[in-house]
Each structure stands twice: as structure tokens, then as C-alpha cells.
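What's in model-v6.csv: CSV, C-alpha atoms
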chain,number,residue,atom,x,y,z
A,1060,MET,CA,6.6,-21.1,-16.3
A,1061,GLY,CA,5.6,-19.4,-13.1
A,1062,ASP,CA,8.4,-19.7,-10.6
A,1063,SER,CA,9.8,-22.9,-12.2
A,1064,GLU,CA,12.9,-22.9,-14.3
A,1065,CYS,CA,12.3,-22.8,-18.1
A,1066,PRO,CA,14.3,-25.5,-19.8
A,1067,LEU,CA,15.0,-25.3,-23.5
A,1068,THR,CA,13.0,-28.3,-24.5
A,1069,GLY,CA,10.3,-30.6,-23.1
A,1070,TYR,CA,7.1,-28.6,-23.7
A,1071,ASP,CA,5.1,-31.5,-25.2
A,1072,LYS,CA,2.4,-32.4,-22.7
A,1073,ARG,CA,3.6,-36.0,-22.3
A,1074,THR,CA,7.1,-34.8,-21.1
A,1075,LEU,CA,5.4,-32.2,-18.9
A,1076,ALA,CA,3.2,-35.1,-17.5
A,1077,SER,CA,6.4,-37.0,-16.6
A,1078,ASP,CA,7.7,-33.9,-14.8
A,1079,VAL,CA,4.6,-33.8,-12.7
A,1080,TYR,CA,4.7,-37.6,-12.1
A,1081,GLN,CA,8.2,-37.3,-10.8
A,1082,LEU,CA,7.4,-34.4,-8.6
A,1083,VAL,CA,4.4,-36.0,-6.9
A,1084,THR,CA,6.0,-39.5,-6.5
A,1085,ALA,CA,9.1,-37.8,-5.1
A,1086,LEU,CA,6.8,-36.2,-2.5
A,1087,GLY,CA,5.8,-39.8,-1.5
A,1088,HIS,CA,2.4,-40.1,-3.0
A,1089,ASP,CA,1.6,-43.4,-4.8
A,1090,LYS,CA,-2.0,-42.6,-5.6
A,1091,PHE,CA,-3.7,-39.2,-6.1
A,1092,GLY,CA,-6.6,-37.3,-7.5
A,1093,LEU,CA,-5.6,-35.0,-10.4
A,1094,THR,CA,-7.1,-31.7,-11.6
A,1095,GLY,CA,-5.9,-29.8,-14.7
A,1096,HIS,CA,-7.0,-26.5,-16.3
A,1097,ASP,CA,-6.2,-25.3,-19.8
A,1098,TRP,CA,-2.9,-26.9,-20.9
A,1099,GLY,CA,-2.8,-28.4,-17.4
A,1100,GLY,CA,-5.7,-30.5,-18.4
A,1101,THR,CA,-3.8,-31.9,-21.4
A,1102,VAL,CA,-0.8,-32.6,-19.2
A,1103,ALA,CA,-3.2,-34.3,-16.8
A,1104,TYR,CA,-4.5,-36.5,-19.6
A,1105,TYR,CA,-1.0,-37.8,-20.5
A,1106,LEU,CA,-0.2,-38.4,-16.8
A,1107,ALA,CA,-3.4,-40.4,-16.4
A,1108,TYR,CA,-2.7,-42.2,-19.7
A,1109,ASP,CA,0.9,-43.1,-19.0
A,1110,HIS,CA,0.5,-43.8,-15.2
A,1111,PRO,CA,-3.1,-45.0,-14.6
A,1112,GLU,CA,-1.9,-46.8,-11.5
A,1113,VAL,CA,-1.3,-43.5,-9.7
A,1114,VAL,CA,-4.2,-41.3,-11.0
A,1115,GLU,CA,-7.4,-42.5,-9.4
A,1116,ARG,CA,-9.7,-39.7,-10.6
A,1117,LEU,CA,-9.3,-36.9,-13.2
A,1118,LEU,CA,-11.0,-33.5,-12.9
A,1119,ILE,CA,-10.7,-31.4,-16.1
A,1120,LEU,CA,-11.5,-27.7,-16.3
A,1121,GLU,CA,-11.7,-25.9,-19.6
A,1122,SER,CA,-9.3,-28.2,-21.5
A,1123,THR,CA,-9.1,-30.7,-24.3
A,1124,PRO,CA,-7.0,-33.9,-24.4
A,1125,GLY,CA,-5.5,-32.9,-27.8
A,1126,ALA,CA,-6.0,-32.6,-31.5
A,1127,TYR,CA,-5.8,-35.4,-34.1
A,1128,GLY,CA,-4.4,-33.0,-36.7
A,1129,ASP,CA,-7.7,-32.9,-38.7
A,1130,ASP,CA,-8.9,-30.0,-40.6
A,1131,ILE,CA,-10.0,-27.0,-38.5
A,1132,PRO,CA,-13.4,-25.4,-39.0
A,1133,LEU,CA,-13.1,-21.8,-40.1
A,1134,ARG,CA,-15.9,-21.0,-37.7
A,1135,GLY,CA,-14.3,-20.3,-34.4
A,1136,ILE,CA,-10.7,-20.3,-35.7
A,1137,ARG,CA,-10.3,-16.6,-35.0
A,1138,ARG,CA,-10.7,-17.4,-31.3
A,1139,GLN,CA,-7.6,-19.6,-31.6
A,1140,TRP,CA,-5.5,-16.8,-33.2
A,1141,HIS,CA,-3.1,-16.8,-30.2
A,1142,SER,CA,-2.5,-20.6,-30.6
A,1143,PHE,CA,-1.2,-20.1,-34.1
A,1144,PHE,CA,0.7,-16.9,-33.2
A,1145,HIS,CA,2.5,-18.5,-30.3
A,1146,GLY,CA,2.9,-21.9,-31.9
A,1147,CYS,CA,3.9,-21.0,-35.5
A,1148,ALA,CA,6.3,-18.1,-34.7
A,1149,PRO,CA,7.4,-18.5,-31.1
A,1150,ASP,CA,10.6,-16.4,-31.4
A,1151,LEU,CA,8.8,-13.6,-33.2
A,1152,ALA,CA,5.9,-13.7,-30.7
A,1153,GLU,CA,8.4,-13.4,-27.8
A,1154,LEU,CA,10.0,-10.4,-29.5
A,1155,LEU,CA,6.7,-8.6,-30.1
A,1156,VAL,CA,5.2,-9.3,-26.7
A,1157,ARG,CA,8.4,-8.5,-24.7
A,1158,ASP,CA,7.7,-4.8,-24.6
A,1159,HIS,CA,4.0,-5.2,-23.8
A,1160,ILE,CA,3.6,-8.0,-21.3
A,1161,PRO,CA,1.0,-6.3,-19.0
A,1162,LEU,CA,-1.2,-5.3,-21.9
A,1163,TYR,CA,-0.9,-8.7,-23.6
A,1164,LEU,CA,-1.8,-10.8,-20.6
A,1165,ASP,CA,-4.6,-8.4,-19.7
A,1166,ARG,CA,-6.2,-8.6,-23.1
A,1167,LEU,CA,-5.8,-12.4,-23.4
A,1168,CYS,CA,-7.3,-12.9,-20.0
A,1169,SER,CA,-10.2,-10.4,-20.2
A,1170,VAL,CA,-11.4,-11.6,-23.6
A,1171,ALA,CA,-11.8,-15.1,-22.2
A,1172,CYS,CA,-13.7,-14.2,-19.0
A,1173,TYR,CA,-17.4,-14.1,-18.5
A,1174,ASN,CA,-16.8,-10.8,-16.6
A,1175,PRO,CA,-14.0,-8.9,-18.4
A,1176,GLU,CA,-13.4,-6.9,-15.2
A,1177,LEU,CA,-12.7,-10.1,-13.2
A,1178,PHE,CA,-9.0,-9.7,-12.6
A,1179,SER,CA,-7.9,-6.8,-10.4
A,1180,ALA,CA,-4.8,-4.9,-11.2
A,1181,GLU,CA,-3.1,-6.6,-8.2
A,1182,GLU,CA,-4.0,-10.0,-9.5
A,1183,MET,CA,-2.8,-9.3,-13.0
A,1184,SER,CA,0.5,-7.9,-11.6
A,1185,GLU,CA,1.3,-11.4,-10.1
A,1186,TYR,CA,0.9,-13.0,-13.6
A,1187,VAL,CA,2.9,-10.2,-15.2
A,1188,ARG,CA,5.7,-10.8,-12.6
A,1189,ALA,CA,5.7,-14.5,-13.3
A,1190,TYR,CA,5.6,-14.2,-17.1
A,1191,SER,CA,8.3,-11.4,-17.1
A,1192,ARG,CA,10.9,-13.7,-15.7
A,1193,PRO,CA,13.7,-14.7,-18.3
A,1194,GLY,CA,12.5,-17.6,-20.4
A,1195,SER,CA,8.9,-17.5,-19.1
A,1196,MET,CA,7.2,-16.2,-22.2
A,1197,ARG,CA,9.3,-18.5,-24.4
A,1198,ALA,CA,8.3,-21.5,-22.3
A,1199,GLY,CA,4.6,-20.6,-22.6
A,1200,PHE,CA,4.8,-20.1,-26.4
A,1201,HIS,CA,6.5,-23.5,-26.7
A,1202,TYR,CA,3.5,-25.1,-25.1
A,1203,TYR,CA,1.6,-24.0,-28.2
A,1204,ARG,CA,4.4,-24.9,-30.7
A,1205,ALA,CA,4.5,-28.5,-29.2
A,1206,GLY,CA,0.7,-28.5,-29.3
A,1207,LEU,CA,1.0,-28.2,-33.1
A,1208,GLU,CA,3.8,-30.8,-33.4
A,1209,GLU,CA,4.7,-33.4,-30.9
A,1210,ASP,CA,1.4,-33.4,-29.1
A,1211,ILE,CA,-0.5,-34.2,-32.3
A,1212,ALA,CA,1.9,-37.1,-33.0
A,1213,ASN,CA,1.6,-38.4,-29.4
A,1214,PHE,CA,-2.1,-38.1,-29.3
A,1215,LYS,CA,-2.5,-40.3,-32.4
A,1216,THR,CA,-0.6,-43.1,-30.6
A,1217,CYS,CA,-2.9,-43.0,-27.5
A,1218,THR,CA,-5.5,-45.4,-28.7
A,1219,LYS,CA,-6.6,-46.9,-25.3
A,1220,LYS,CA,-9.4,-45.2,-23.3
A,1221,LEU,CA,-8.8,-44.0,-19.8
A,1222,ALA,CA,-10.5,-46.3,-17.2
A,1223,MET,CA,-10.5,-44.0,-14.1
A,1224,PRO,CA,-13.6,-41.7,-13.5
A,1225,VAL,CA,-13.3,-38.4,-15.3
A,1226,ARG,CA,-15.2,-35.1,-14.8
A,1227,ALA,CA,-14.9,-32.5,-17.5
A,1228,TRP,CA,-16.4,-29.0,-17.1
A,1229,GLY,CA,-16.2,-26.0,-19.5
A,1230,GLY,CA,-17.3,-22.4,-19.1
A,1231,GLU,CA,-20.4,-21.5,-21.1
A,1232,ARG,CA,-18.6,-18.3,-22.3
A,1233,PHE,CA,-15.6,-20.3,-23.6
A,1234,LEU,CA,-15.2,-24.0,-24.4
A,1235,GLY,CA,-18.7,-24.9,-23.2
A,1236,ASP,CA,-19.6,-28.6,-22.8
A,1237,ILE,CA,-16.3,-30.4,-23.3
A,1238,SER,CA,-17.5,-33.8,-22.1
A,1239,PRO,CA,-18.0,-35.2,-25.7
A,1240,MET,CA,-14.3,-34.6,-26.4
A,1241,TRP,CA,-13.3,-36.4,-23.2
A,1242,LYS,CA,-15.7,-39.3,-23.9
A,1243,ARG,CA,-13.6,-40.0,-27.0
A,1244,VAL,CA,-10.6,-40.7,-24.8
A,1245,ALA,CA,-12.2,-42.1,-21.5
A,1246,ASN,CA,-14.9,-44.6,-20.6
A,1247,ASP,CA,-16.4,-42.9,-17.5
A,1248,VAL,CA,-17.0,-39.2,-18.2
A,1249,GLN,CA,-19.4,-36.8,-16.5
A,1250,GLY,CA,-19.5,-33.1,-16.8
A,1251,GLY,CA,-21.0,-30.3,-18.9
A,1252,SER,CA,-21.1,-26.5,-19.3
A,1253,ILE,CA,-21.0,-24.1,-16.3
A,1254,GLU,CA,-23.0,-21.0,-16.6
A,1255,ARG,CA,-21.8,-17.4,-15.8
A,1256,CYS,CA,-18.2,-18.7,-16.5
A,1257,GLY,CA,-15.6,-18.2,-19.1
A,1258,HIS,CA,-12.2,-19.8,-19.4
A,1259,PHE,CA,-10.8,-19.1,-15.9
A,1260,MET,CA,-13.0,-21.4,-13.8
A,1261,ALA,CA,-11.1,-21.5,-10.6
A,1262,GLU,CA,-11.0,-17.6,-10.5
A,1263,GLU,CA,-14.5,-17.0,-12.0
A,1264,ARG,CA,-16.4,-19.7,-10.1
A,1265,PRO,CA,-14.2,-20.7,-7.2
A,1266,GLU,CA,-17.2,-21.9,-5.2
A,1267,PHE,CA,-18.2,-24.3,-8.0
A,1268,VAL,CA,-14.6,-25.6,-8.3
A,1269,LEU,CA,-14.3,-26.1,-4.6
A,1270,GLU,CA,-17.6,-28.1,-4.5
A,1271,GLN,CA,-16.4,-30.2,-7.4
A,1272,VAL,CA,-13.0,-31.0,-5.9
A,1273,ASN,CA,-14.6,-31.8,-2.6
A,1274,GLU,CA,-17.4,-34.0,-4.0
A,1275,PHE,CA,-15.3,-35.8,-6.6
A,1276,PHE,CA,-12.2,-36.5,-4.5
A,1277,THR,CA,-13.7,-37.0,-1.0
A,1278,PRO,CA,-14.5,-40.7,-1.6
A,1279,LEU,CA,-10.7,-41.2,-2.3
A,1280,HIS,CA,-9.9,-39.5,1.0
A,1281,GLU,CA,-12.4,-41.6,2.9
A,1282,LYS,CA,-11.1,-44.8,1.2
A,1283,LYS,CA,-7.5,-44.0,2.3
A,1284,ALA,CA,-8.6,-43.2,5.9
B,39,MET,CA,19.4,6.8,-65.1
B,40,SER,CA,16.3,8.3,-63.5
B,41,ASP,CA,13.4,6.1,-62.6
B,42,PRO,CA,11.0,5.5,-65.5
B,43,TRP,CA,7.9,6.0,-63.2
B,44,THR,CA,6.3,9.1,-61.7
B,45,HIS,CA,4.4,9.3,-58.4
B,46,HIS,CA,0.8,10.4,-58.3
B,47,VAL,CA,-2.1,10.7,-55.9
B,48,ALA,CA,-5.8,10.7,-56.6
B,49,ILE,CA,-8.8,11.1,-54.4
B,50,VAL,CA,-10.9,7.9,-54.5
B,51,ASN,CA,-13.8,6.9,-52.3
B,52,GLY,CA,-12.9,9.9,-50.1
B,53,PHE,CA,-9.3,9.2,-49.4
B,54,ARG,CA,-6.0,10.0,-51.1
B,55,MET,CA,-4.6,7.0,-52.9
B,56,HIS,CA,-1.0,6.8,-54.1
B,57,CYS,CA,0.1,5.2,-57.3
B,58,VAL,CA,3.0,5.1,-59.7
B,59,ILE,CA,2.7,5.5,-63.4
B,60,ALA,CA,5.1,4.6,-66.2
B,61,GLY,CA,5.2,4.1,-70.0
B,62,LYS,CA,2.8,4.4,-72.8
B,63,GLY,CA,0.4,1.9,-74.5
B,64,TYR,CA,-2.3,-0.6,-73.4
B,65,PRO,CA,-2.9,0.0,-69.7
B,66,ILE,CA,-2.0,-2.7,-67.2
B,67,VAL,CA,-2.7,-2.3,-63.5
B,68,LEU,CA,-0.5,-4.0,-60.9
B,69,LEU,CA,-1.9,-4.5,-57.4
B,70,HIS,CA,0.6,-5.3,-54.5
B,71,GLY,CA,-0.1,-7.2,-51.3
B,72,TRP,CA,0.9,-7.2,-47.6
B,73,PRO,CA,3.5,-6.4,-46.3
B,74,GLN,CA,4.6,-4.5,-49.4
B,75,SER,CA,3.8,-1.4,-51.4
B,76,TRP,CA,4.0,-0.3,-55.1
B,77,TYR,CA,7.8,-0.9,-54.6
B,78,ALA,CA,7.2,-4.7,-54.9
B,79,TRP,CA,6.8,-4.1,-58.7
B,80,ARG,CA,10.0,-2.0,-59.1
B,81,LYS,CA,11.9,-4.7,-61.0
B,82,VAL,CA,9.2,-5.2,-63.6
B,83,ILE,CA,7.9,-1.7,-64.2
B,84,ALA,CA,10.7,-0.5,-66.4
B,85,PRO,CA,10.6,-3.3,-69.0
B,86,LEU,CA,6.8,-3.3,-69.0
B,87,ALA,CA,6.8,0.4,-69.5
B,88,GLU,CA,8.4,-0.1,-72.9
B,89,ARG,CA,5.2,-1.6,-74.2
B,90,PHE,CA,2.4,-0.7,-71.8
B,91,THR,CA,1.1,2.1,-69.6
B,92,VAL,CA,1.8,0.6,-66.2
B,93,MET,CA,-0.4,1.2,-63.2
B,94,GLY,CA,-2.3,3.8,-65.1
B,95,SER,CA,-5.6,4.0,-63.3
B,96,LEU,CA,-6.9,7.2,-64.9
B,97,GLY,CA,-9.3,7.4,-67.7
B,98,PHE,CA,-9.0,4.0,-69.3
B,99,SER,CA,-12.0,1.9,-70.3
B,100,LYS,CA,-10.1,-1.4,-70.7
B,101,ILE,CA,-7.2,-2.7,-68.7
B,102,GLY,CA,-5.1,-5.7,-68.0
B,103,LEU,CA,-4.8,-6.5,-64.3
B,104,ALA,CA,-2.2,-8.3,-62.2
B,105,GLY,CA,-2.4,-8.8,-58.5
B,106,HIS,CA,-0.2,-10.3,-55.8
B,107,ASP,CA,-1.3,-11.5,-52.3
B,108,TRP,CA,-4.2,-9.3,-51.1
B,109,GLY,CA,-3.7,-7.3,-54.3
B,110,ALA,CA,-5.0,-10.4,-56.2
B,111,VAL,CA,-8.1,-10.6,-54.0
B,112,VAL,CA,-8.8,-6.9,-54.8
B,113,GLY,CA,-8.1,-7.8,-58.4
B,114,PHE,CA,-10.7,-10.6,-58.2
B,115,TYR,CA,-13.4,-8.3,-56.9
B,116,LEU,CA,-12.5,-5.6,-59.5
B,117,ALA,CA,-12.8,-8.2,-62.3
B,118,TYR,CA,-16.0,-9.6,-60.8
B,119,ASP,CA,-17.7,-6.3,-60.4
B,120,HIS,CA,-16.4,-4.7,-63.6
B,121,PRO,CA,-15.9,-7.4,-66.1
B,122,GLU,CA,-16.3,-4.8,-68.9
B,123,LEU,CA,-13.1,-3.0,-67.6
B,124,VAL,CA,-10.8,-6.0,-66.9
B,125,GLU,CA,-9.9,-7.9,-70.0
B,126,ARG,CA,-7.3,-10.2,-68.4
B,127,LEU,CA,-6.4,-11.1,-64.9
B,128,THR,CA,-3.0,-12.4,-63.7
B,129,VAL,CA,-3.0,-13.8,-60.1
B,130,LEU,CA,0.3,-14.3,-58.2
B,131,ASP,CA,0.4,-16.4,-55.1
B,132,ALA,CA,-3.1,-15.8,-53.9
B,133,ILE,CA,-6.6,-17.4,-53.7
B,134,PRO,CA,-9.8,-15.4,-54.1
B,135,GLY,CA,-11.1,-16.2,-50.6
B,136,LEU,CA,-11.8,-18.8,-48.0
B,137,GLY,CA,-14.9,-20.5,-46.7
B,138,ARG,CA,-16.9,-21.5,-49.8
B,139,ASN,CA,-15.8,-25.2,-49.8
B,140,GLY,CA,-17.1,-26.7,-46.5
B,141,GLY,CA,-15.8,-24.1,-44.2
B,142,LYS,CA,-12.7,-26.0,-43.0
B,143,ILE,CA,-9.0,-25.3,-43.3
B,144,ASP,CA,-6.2,-27.8,-43.4
B,145,ARG,CA,-4.1,-27.7,-40.2
B,146,GLN,CA,-0.9,-27.3,-42.1
B,147,ALA,CA,-2.3,-24.5,-44.2
B,148,ALA,CA,-3.5,-22.8,-41.1
B,149,ARG,CA,0.0,-22.9,-39.7
B,150,ARG,CA,1.2,-20.8,-42.7
B,151,LEU,CA,-1.7,-18.4,-42.1
B,152,TRP,CA,-0.9,-17.7,-38.4
B,153,HIS,CA,-0.3,-14.0,-39.2
B,154,VAL,CA,-3.8,-13.7,-40.7
B,155,LEU,CA,-5.3,-14.9,-37.4
B,156,PHE,CA,-2.9,-12.7,-35.4
B,157,HIS,CA,-3.9,-9.6,-37.4
B,158,ALA,CA,-7.6,-10.5,-37.2
B,159,GLY,CA,-7.4,-11.4,-33.4
B,160,ILE,CA,-8.1,-8.9,-30.6
B,161,PRO,CA,-8.7,-5.5,-32.3
B,162,ASP,CA,-5.7,-3.2,-32.3
B,163,LEU,CA,-3.6,-5.6,-30.2
B,164,ALA,CA,-1.4,-6.7,-33.1
B,165,GLU,CA,-0.8,-3.1,-34.1
B,166,THR,CA,0.3,-2.2,-30.6
B,167,LEU,CA,2.7,-5.2,-30.4
B,168,VAL,CA,4.2,-4.6,-33.8
B,169,SER,CA,4.5,-0.8,-33.5
B,170,THR,CA,7.6,-1.0,-31.3
B,171,ASN,CA,9.3,-3.6,-33.7
B,172,VAL,CA,8.2,-2.8,-37.2
B,173,GLU,CA,11.4,-3.7,-38.9
B,174,ALA,CA,11.8,-7.1,-37.1
B,175,TYR,CA,8.2,-8.0,-37.8
B,176,LEU,CA,8.2,-7.1,-41.5
B,177,SER,CA,11.6,-8.7,-42.0
B,178,TYR,CA,10.2,-12.0,-40.7
B,179,PHE,CA,8.1,-12.2,-43.8
B,180,TYR,CA,10.8,-11.2,-46.2
B,181,THR,CA,13.4,-13.6,-44.8
B,182,SER,CA,11.5,-16.5,-43.4
B,183,THR,CA,11.7,-19.7,-45.4
B,184,ALA,CA,8.1,-20.2,-44.7
B,185,TYR,CA,7.2,-17.4,-47.1
B,186,ASN,CA,10.1,-16.9,-49.3
B,187,TYR,CA,12.4,-19.1,-51.4
B,188,SER,CA,15.4,-16.8,-51.2
B,189,PRO,CA,15.8,-14.3,-48.3
B,190,ALA,CA,18.6,-12.7,-50.4
B,191,VAL,CA,16.0,-11.2,-52.7
B,192,PHE,CA,15.4,-8.4,-50.2
B,193,THR,CA,18.3,-6.0,-49.6
B,194,LYS,CA,18.6,-3.8,-46.6
B,195,GLU,CA,17.5,-0.9,-48.7
B,196,ASP,CA,14.4,-2.8,-49.8
B,197,VAL,CA,13.4,-3.6,-46.3
B,198,ALA,CA,14.0,0.0,-45.2
B,199,GLU,CA,11.6,1.2,-47.9
B,200,TYR,CA,8.8,-1.1,-46.6
B,201,VAL,CA,9.6,-0.2,-43.0
B,202,ARG,CA,9.3,3.5,-44.0
B,203,VAL,CA,5.8,3.1,-45.5
B,204,TYR,CA,4.5,0.7,-42.8
B,205,SER,CA,5.7,3.1,-40.1
B,206,SER,CA,3.5,5.9,-41.3
B,207,PRO,CA,0.5,6.6,-39.0
B,208,GLY,CA,-2.3,4.1,-39.6
B,209,ALA,CA,-0.3,1.9,-42.1
B,210,LEU,CA,0.0,-1.1,-39.8
B,211,ARG,CA,-3.7,-0.8,-38.8
B,212,ALA,CA,-4.8,-0.6,-42.4
B,213,GLY,CA,-2.8,-3.6,-43.3
B,214,PHE,CA,-4.1,-5.7,-40.4

Could you show the structure in this file as C-alpha cells?
Amino acid sequence: MGDSECPLTGYDKRTLASDVYQLVTALGHDKFGLTGHDWGGTVAYYLAYDHPEVVERLLILESTPGAYGDDIPLRGIRRQWHSFFHGCAPDLAELLVRDHIPLYLDRLCSVACYNPELFSAEEMSEYVRAYSRPGSMRAGFHYYRAGLEEDIANFKTCTKKLAMPVRAWGGERFLGDISPMWKRVANDVQGGSIERCGHFMAEERPEFVLEQVNEFFTPLHEKKA
Amino acid sequence: MSDPWTHHVAIVNGFRMHCVIAGKGYPIVLLHGWPQSWYAWRKVIAPLAERFTVMGSLGFSKIGLAGHDWGAVVGFYLAYDHPELVERLTVLDAIPGLGRNGGKIDRQAARRLWHVLFHAGIPDLAETLVSTNVEAYLSYFYTSTAYNYSPAVFTKEDVAEYVRVYSSPGALRAGF
């Protein structure tokens, strides 16, 4: 997605984690701090799980490690409509959205923000550009398809708990306090719910994210220096 | 051979409702679902019309009722609210509702119901997305193995009739 190529396969989060692992190690880093938002947080989980020797700390924003394939509560399922639309019928979703990309992204983003006017037209146009590239919508929808298939199978096999420190924050207007979900998969978890914030934390509350990244990762920087 | 049915409209609850009527005898009412129309019953109306008044909704005090998909949910409420009217109820591929048994849905069942969530998602968004691709969208339901044992059941002419009715103003919105 974005300005990357969009391969035909490899959208399960464990494979995406290995993509990121290869990128960062190719750049010459053997230890790093990792931050993930939305699906990026799930990718970060698998990277930390499969390569604990390189991920020293994990900062999670508005994301969950995965689903066990349990029953889904009907309360709140309407908010996940797009997960099922993208994940169950990705080809059809691509066909339907193709003619309406600006509207589609605008509605999906504004409905998940604390302030629905947050994104300016200029900001949205950059996302529209990125998601209008050939294969980009397909790639995104396959994140969701894999989320209903390979990710569930993979998640069931990840029975060990992460040992590195984890911070997990959710926006009060969207996922809320996600730390209990991360405590199921990690031993050292702090975090909670951020007020006046929806799903897009780095865009809605950049000062908070900046403070978190600085505070959480600075000890690693000092250790290295 | 001409069609054994005739088309009618009646004003009910303040709007004009279309129905098709055929035959003579004990009245049975057939209720279709989404994304279909009265046309879903076209293969059974003629034989039924030899023994029954089919789809007659005018002036009867006792009826037999059959419903498919959402039509069966409507049938459930009609039978529940007017048990004196509905003598027997046939349900085809439908459940009366969700949420009474613990408020959870099986993840695999949810996957088959993605369109329900899509239609009920952000208001009017599904209508806008589908409006430029009505035929492709409806055809998915008629031809996908997820919903249908044999896609060959639907001819091009059949699909065209459903596309015609769901392309009329407000029809997609109403269905969603």
C-alpha cells in the first residue's frame, strides 16, 4: 500500500512482519524500538513475537494483536462492517469502491475521528492518491481477508507471551483501553485510553504520540549512546 | 401462453405496494426477500394457481403464508401480530431474528452476513457505492457459491429483471 508495490500474496500480518524485519535489518539496525498503529500494530506484534532479539520495546496505538476466532458480540459488530465487507468479498469491494475512492476514504476516516473535520481536503488527497494506485485498494482489502483467515490460524499458535516492555494506547472515541487485550499476549504492559481522541492517534493527538515515543524510547537511545 | 398472473398495486400504510395475483381458491401469500422481487416466485406461481389464490392480499380473513429471506422475517411478524389471519407459515432459508440468545454471533456465520453489515454500516454509503455497479453487485448474490448451490439457476434475463427493479429510484436504499 502507499508507495510500495502491491504483491499478489503475503497480507497475513506475520508475513508483513517479516517484510519489515528484512527492511530494518537491511538498513543495518540490529535492535530497535517499534511502533504500530491499526494493522501496523498487529504487524508489530508478529515482528516482536518472531524476532524478540531485535524489538526492544513495543508501542501500540489503536490496535489489537489478533482474534482467536471466537464468537463475536453483536453489540459493536456494526462498527466492524468494513472488516467483513473488505475481508469476505475483497474483489467485489474493490469493484464497488473503485469509482468512489475519495468519498469512501473520507467517510471511513471521518467516522472514526474524535473530530470528524480533522482531515483537511489536502490531507485526504494524499491518501486518495496513495490508494488510487493500481493494486493499492486490493492490497488493503487483503489485510482484512487475511485477518479473517491466516491471521486467526497464526494467532492461535502464538502461545508464548512477549517479554519486552509494551505500551498500548487506544482513543476514547474508538477502541478505548486496549491494554487488557495486550496483557493477554505480553507480560509487561502499560497504557490506557486517551481522551479527545479517535482512531487516528498520530494525527488527532500528535503531541501525545510525540511525548510517548520520546519517553518510552529515550532510555534505549541513552543505553546505546 | 400468457402469464397466469396479473399485476396490481394497492395503497398500504401510505405508499403504493405492488403485488401479483393468480388463480382461485384458498389464499396463500408469498413474500420474497433481498435482492429479489415477486419474480422470485415465477416458477411456482402457475402450478399453485391451479389450486390456490396466490399472493391475494385483498379481502381475505384466513391465509397461508410463505416467506423467503427477509420475506420470512416479515412473515414471522405478520403471523405473530395477526395469528387469527395466518393459518400456516412456511419459512425458506431465514431465521426470525438475531440477538435473543446471548447476543453473540459465530465468526463463520458473520462472514456469510458481511452484506448485512455493509448495508447497515455508514448511512447511504453502500447505496452510493453500489449505484454505479448495480448489475455486478446483485449478480454476486445470484452467482456466488457462498449463497447459491447452482449459479446456472439465474439466466441473463432473470438477472436483468432484478437489475431493472433495483435500479429504480430508492430501491437500493429501501433494500439496505

Counting only C-alpha atoms, which residues of chain A sit at most 6 Å from some atom of chain B, and what is each one's closest atom pair with its distance in Å to one decimal, listed by chain and rising residue number, as JSON lines?
{"residue": "A:Asp1130", "atom": "CA", "partner": "B:Asp144", "partner_atom": "CA", "distance": 4.5}
{"residue": "A:Ile1131", "atom": "CA", "partner": "B:Ile143", "partner_atom": "CA", "distance": 5.2}
{"residue": "A:Pro1132", "atom": "CA", "partner": "B:Lys142", "partner_atom": "CA", "distance": 4.1}
{"residue": "A:Leu1133", "atom": "CA", "partner": "B:Lys142", "partner_atom": "CA", "distance": 5.1}
{"residue": "A:Arg1137", "atom": "CA", "partner": "B:Leu155", "partner_atom": "CA", "distance": 5.8}
{"residue": "A:Trp1140", "atom": "CA", "partner": "B:Leu155", "partner_atom": "CA", "distance": 4.6}
{"residue": "A:Phe1143", "atom": "CA", "partner": "B:Trp152", "partner_atom": "CA", "distance": 4.9}
{"residue": "A:Phe1144", "atom": "CA", "partner": "B:Trp152", "partner_atom": "CA", "distance": 5.5}
{"residue": "A:Leu1155", "atom": "CA", "partner": "B:Leu167", "partner_atom": "CA", "distance": 5.3}

So, with only C-alpha atoms as the atoms that count, which of A:Gly1087, A:Gly1229, A:Gly1092, A:Pro1224 lies closest to Lys1242 of chain A?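 Smallest separation from Lys1242 of chain A among the options: A:Pro1224.
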
One number please: atom CA of His1141 of chain A to atom CA of Tyr1203 of chain A, in Å, one decimal.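 Atom-to-atom, atom CA of His1141 of chain A and atom CA of Tyr1203 of chain A are spaced 8.8 Å apart.
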
So which one's closest to His46 of chain B, B:Tyr64, B:Pro73, B:Ile133, B:Met93? Using all atoms listed in the file, please.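 For His46 of chain B, the nearest of the candidates is B:Met93.
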
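Ranking A:Leu1120, A:Glu1115, A:Trp1241, A:Thr1216 by their shortest atom-to-atom distance to Phe1267 of chain A, with all atoms listed in the file included, puts A:Leu1120 first.
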
Please provide as a list in words all residues within 12 Å of Pro1239 of chain A, with the sequence filter that same-chain residues fewer than 5 positions apart are discarded (counting all atoms listed in the file).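 Result of the neighbour search: Ser1122, Thr1123, Pro1124, Val1225, Arg1226, Ala1227, Trp1228, Gly1229, Leu1234, Val1244, Ala1245, Asn1246, Asp1247, Val1248, Gln1249, Gly1250, Gly1251 and Ser1252 of chain A.
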
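Of the listed residues (B:Gly102, B:Gly52, B:Gly97, B:Pro207), B:Gly102 comes nearest to Ile66 of chain B; the distances count all atoms listed in the file.
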
Who sits within 10 Å of segment 1098-1111 of chain A, only C-alpha atoms, same chain under 4 positions skipped, as a ChimeraX atom specification: /A:1070-1080,1090,1092-1094,1115-1125,1199,1202-1203,1206,1210,1213-1214,1217-1223,1225,1227,1241,1244-1245

9 Å contact set for Ala1171 of chain A, all atoms listed in the file, chain neighbours under 4 positions out, as a PyMOL selection string: chain A and resi 1166-1167+1175+1232-1233+1257-1259
